[in-house]
Amino acid sequence: MWLLVGLGNPGDKYKSNRHNIGFMAVDAIADEYGVGPFKAKFQGEMAEGRIGGEKVVLLKPQTFMNESGQSVGKCAKFYKIAPERICVFHDELDLEPGKCRVKMGGGVAGHNGLKSIKAHMGTPEFKRVRLGIGHPGDKNRVSGYVLSDFAKAEAGWVERLIPALADNVPLLLEGSDDFMTRVSESLK
């Protein structure tokens with residue numbers, strides 16, 4: 001069983017924010033594979049289903065980004081999902097817009113959602129799908145930047161990236177190196 005987590009903030013106010021790209025990815029995965037419906041559980045919105053031969057739980061924590069670990073920890077504990085079977089989709093300031101990188105474990109680079117998950121899970125050893133949103137250029141502008149909606153000029157790459165993630169998620173679950181390649185090819 002896999003736990004696929006999308007990070008974001010709850011509510012319509014944040015729906016199109018850069019910080020919510022993780023929610024967007026998980027929603028697209030749910031739509032692509034008919035996983036759902038989402039229901040309130042573990043301080044989040046959760047859905048169960050199958051992707052290929054794998055049973056999956058999709059989770060969108062509703063605790064706000066800084067406390068995402070509460071929801072992830074409760075869900076992982078309930079289903080007895082090992083950290084290496086948890087995959088977190090999140091925004092990444094240190095990647096160019098539209099870039100996608102997969103990483104197992106490591107530091108959290110100041111991302112409060114990842115910090116919270118690491119604290120509640122007791123380990124940094126979960127898989128991360130880092131979704132590039134770019135950096136505003138000044139660390140004092142980061143908060144406003146991640147909590148702002150994608151600009152109209154960014155719509156093209158966002159509208160290509162999100163479905164590409166969903167289309168290729170079976171490769172991610174298989175551990176295939178082709179996941180990032182296929183996602184990147186979809187953006188050309």
# chains A, B, ... in the order shown; residues from 1 in each chain; ligands from 1
>>> closest_atom_pairs(of="range 45-96 of chain A", to="range 153-169 of chain A", cutoff="10 Å", atoms="only C-alpha atoms", output="JSON lines")
{"residue": "A:Ile51", "atom": "CA", "partner": "A:Val169", "partner_atom": "CA", "distance": 8.3}
{"residue": "A:Gly52", "atom": "CA", "partner": "A:Val169", "partner_atom": "CA", "distance": 9.7}
{"residue": "A:Phe89", "atom": "CA", "partner": "A:Leu165", "partner_atom": "CA", "distance": 9.8}
>>> residues_around(residues="range 68-70 of chain A", least_positions_apart="4", cutoff="7 Å", atoms="only C-alpha atoms", output="VMD selection string")
chain A and resid 61 63 to 64 74 113 116 to 117 120
>>> closest_residue(among="A:Glu92, A:Ile86, A:Arg101, A:Ala151", to="Pro124 in chain A", atoms="only C-alpha atoms")
A:Ile86
>>> residues_around(residues="Val146 in chain A", least_positions_apart="2", cutoff="10 Å", atoms="only C-alpha atoms", output="list in words")
Tyr14, Asn17, Arg18, His19, Asn20, Ile21, Asp91, Glu92, Leu93, Ile133, Gly134, His135, Pro136, Arg141, Val142, Ser143, Gly144, Ser148, Asp149 and Phe150 of chain A
>>> select_by_dssp(residues="range 36-128 of chain A", states="alpha helix (DSSP H)", output="PDB file with N, CA and C atoms, in the first residue's frame")
ATOM      1  N   SER A  68       0.915  19.820   8.577  1.00  0.00           N
ATOM      2  CA  SER A  68       0.579  18.681   7.715  1.00  0.00           C
ATOM      3  C   SER A  68       0.954  17.337   8.316  1.00  0.00           C
ATOM      4  N   GLY A  69       2.006  17.318   9.090  1.00  0.00           N
ATOM      5  CA  GLY A  69       2.488  16.072   9.680  1.00  0.00           C
ATOM      6  C   GLY A  69       1.491  15.407  10.607  1.00  0.00           C
ATOM      7  N   GLN A  70       0.629  16.180  11.233  1.00  0.00           N
ATOM      8  CA  GLN A  70      -0.396  15.589  12.107  1.00  0.00           C
ATOM      9  C   GLN A  70      -1.260  14.621  11.300  1.00  0.00           C
ATOM     10  N   SER A  71      -1.743  15.090  10.168  1.00  0.00           N
ATOM     11  CA  SER A  71      -2.607  14.290   9.312  1.00  0.00           C
ATOM     12  C   SER A  71      -1.856  13.096   8.723  1.00  0.00           C
ATOM     13  N   VAL A  72      -0.671  13.348   8.189  1.00  0.00           N
ATOM     14  CA  VAL A  72       0.121  12.287   7.563  1.00  0.00           C
ATOM     15  C   VAL A  72       0.482  11.217   8.591  1.00  0.00           C
ATOM     16  N   GLY A  73       0.921  11.641   9.770  1.00  0.00           N
ATOM     17  CA  GLY A  73       1.295  10.694  10.815  1.00  0.00           C
ATOM     18  C   GLY A  73       0.139   9.797  11.233  1.00  0.00           C
ATOM     19  N   LYS A  74      -1.041  10.387  11.428  1.00  0.00           N
ATOM     20  CA  LYS A  74      -2.217   9.598  11.829  1.00  0.00           C
ATOM     21  C   LYS A  74      -2.614   8.596  10.757  1.00  0.00           C
ATOM     22  N   CYS A  75      -2.607   9.025   9.508  1.00  0.00           N
ATOM     23  CA  CYS A  75      -2.994   8.143   8.411  1.00  0.00           C
ATOM     24  C   CYS A  75      -1.986   7.000   8.250  1.00  0.00           C
ATOM     25  N   ALA A  76      -0.710   7.334   8.255  1.00  0.00           N
ATOM     26  CA  ALA A  76       0.332   6.310   8.105  1.00  0.00           C
ATOM     27  C   ALA A  76       0.275   5.291   9.241  1.00  0.00           C
ATOM     28  N   LYS A  77       0.037   5.782  10.447  1.00  0.00           N
ATOM     29  CA  LYS A  77      -0.038   4.877  11.600  1.00  0.00           C
ATOM     30  C   LYS A  77      -1.250   3.956  11.489  1.00  0.00           C
ATOM     31  N   PHE A  78      -2.402   4.506  11.129  1.00  0.00           N
ATOM     32  CA  PHE A  78      -3.628   3.712  11.014  1.00  0.00           C
ATOM     33  C   PHE A  78      -3.460   2.579  10.000  1.00  0.00           C
ATOM     34  N   TYR A  79      -2.897   2.897   8.837  1.00  0.00           N
ATOM     35  CA  TYR A  79      -2.741   1.903   7.774  1.00  0.00           C
ATOM     36  C   TYR A  79      -1.429   1.131   7.862  1.00  0.00           C
ATOM     37  N   ASN A 112       7.978  24.164   5.520  1.00  0.00           N
ATOM     38  CA  ASN A 112       7.292  23.885   6.782  1.00  0.00           C
ATOM     39  C   ASN A 112       6.414  22.640   6.750  1.00  0.00           C
ATOM     40  N   GLY A 113       5.831  22.329   5.608  1.00  0.00           N
ATOM     41  CA  GLY A 113       5.044  21.102   5.499  1.00  0.00           C
ATOM     42  C   GLY A 113       5.911  19.871   5.676  1.00  0.00           C
ATOM     43  N   LEU A 114       7.081  19.870   5.031  1.00  0.00           N
ATOM     44  CA  LEU A 114       8.006  18.746   5.166  1.00  0.00           C
ATOM     45  C   LEU A 114       8.574  18.666   6.576  1.00  0.00           C
ATOM     46  N   LYS A 115       8.856  19.819   7.178  1.00  0.00           N
ATOM     47  CA  LYS A 115       9.338  19.836   8.571  1.00  0.00           C
ATOM     48  C   LYS A 115       8.327  19.157   9.488  1.00  0.00           C
ATOM     49  N   SER A 116       7.059  19.485   9.311  1.00  0.00           N
ATOM     50  CA  SER A 116       6.010  18.918  10.147  1.00  0.00           C
ATOM     51  C   SER A 116       5.891  17.406   9.946  1.00  0.00           C
ATOM     52  N   ILE A 117       5.962  16.965   8.684  1.00  0.00           N
ATOM     53  CA  ILE A 117       5.875  15.519   8.419  1.00  0.00           C
ATOM     54  C   ILE A 117       7.062  14.809   9.056  1.00  0.00           C
ATOM     55  N   LYS A 118       8.244  15.353   8.871  1.00  0.00           N
ATOM     56  CA  LYS A 118       9.439  14.744   9.465  1.00  0.00           C
ATOM     57  C   LYS A 118       9.294  14.652  10.984  1.00  0.00           C
ATOM     58  N   ALA A 119       8.797  15.717  11.620  1.00  0.00           N
ATOM     59  CA  ALA A 119       8.633  15.726  13.078  1.00  0.00           C
ATOM     60  C   ALA A 119       7.621  14.684  13.543  1.00  0.00           C
ATOM     61  N   HIS A 120       6.504  14.559  12.835  1.00  0.00           N
ATOM     62  CA  HIS A 120       5.461  13.614  13.257  1.00  0.00           C
ATOM     63  C   HIS A 120       5.762  12.169  12.882  1.00  0.00           C
ATOM     64  N   MET A 121       6.539  11.976  11.822  1.00  0.00           N
ATOM     65  CA  MET A 121       6.886  10.619  11.411  1.00  0.00           C
ATOM     66  C   MET A 121       8.146  10.141  12.135  1.00  0.00           C
TER      67      MET A 121
END
>>> closest_residue(among="A:Leu187, A:Ala30, A:Val57, A:Cys87", to="Lys127 in chain A", atoms="only C-alpha atoms")
A:Cys87
>>> closest_residue(among="A:Asp27, A:Glu96, A:Glu125, A:Asp177", to="Pro83 in chain A", atoms="only C-alpha atoms")
A:Glu125
>>> residues_around(residues="Gly53 in chain A", least_positions_apart="4", cutoff="10 Å", atoms="only C-alpha atoms", output="short mmCIF file (atom, residue, chain, number, x, y, z; two decimals) with C-alpha atoms, in the first residue's frame")
data_model
loop_
_atom_site.label_atom_id
_atom_site.label_comp_id
_atom_site.auth_asym_id
_atom_site.auth_seq_id
_atom_site.Cartn_x
_atom_site.Cartn_y
_atom_site.Cartn_z
CA MET A 1 0.00 0.00 0.00
CA PRO A 170 2.40 4.25 -11.98
CA LEU A 173 5.07 3.65 -7.65
CA GLU A 174 7.16 1.08 -9.53
#
>>> atom_distance(atom1="CA of Glu67 in chain A", atom2="CA of Arg130 in chain A")
18.6 Å
>>> closest_residue(among="A:Glu185, A:Gly6, A:Gly132, A:Glu48", to="Lys99 in chain A", atoms="only C-alpha atoms")
A:Gly132
>>> atom_distance(atom1="CA of Phe179 in chain A", atom2="CA of Gly137 in chain A")
29.1 Å
>>> closest_residue(among="A:Asp94, A:Ala25, A:Trp2, A:Lys103", to="Glu54 in chain A", atoms="only C-alpha atoms")
A:Trp2
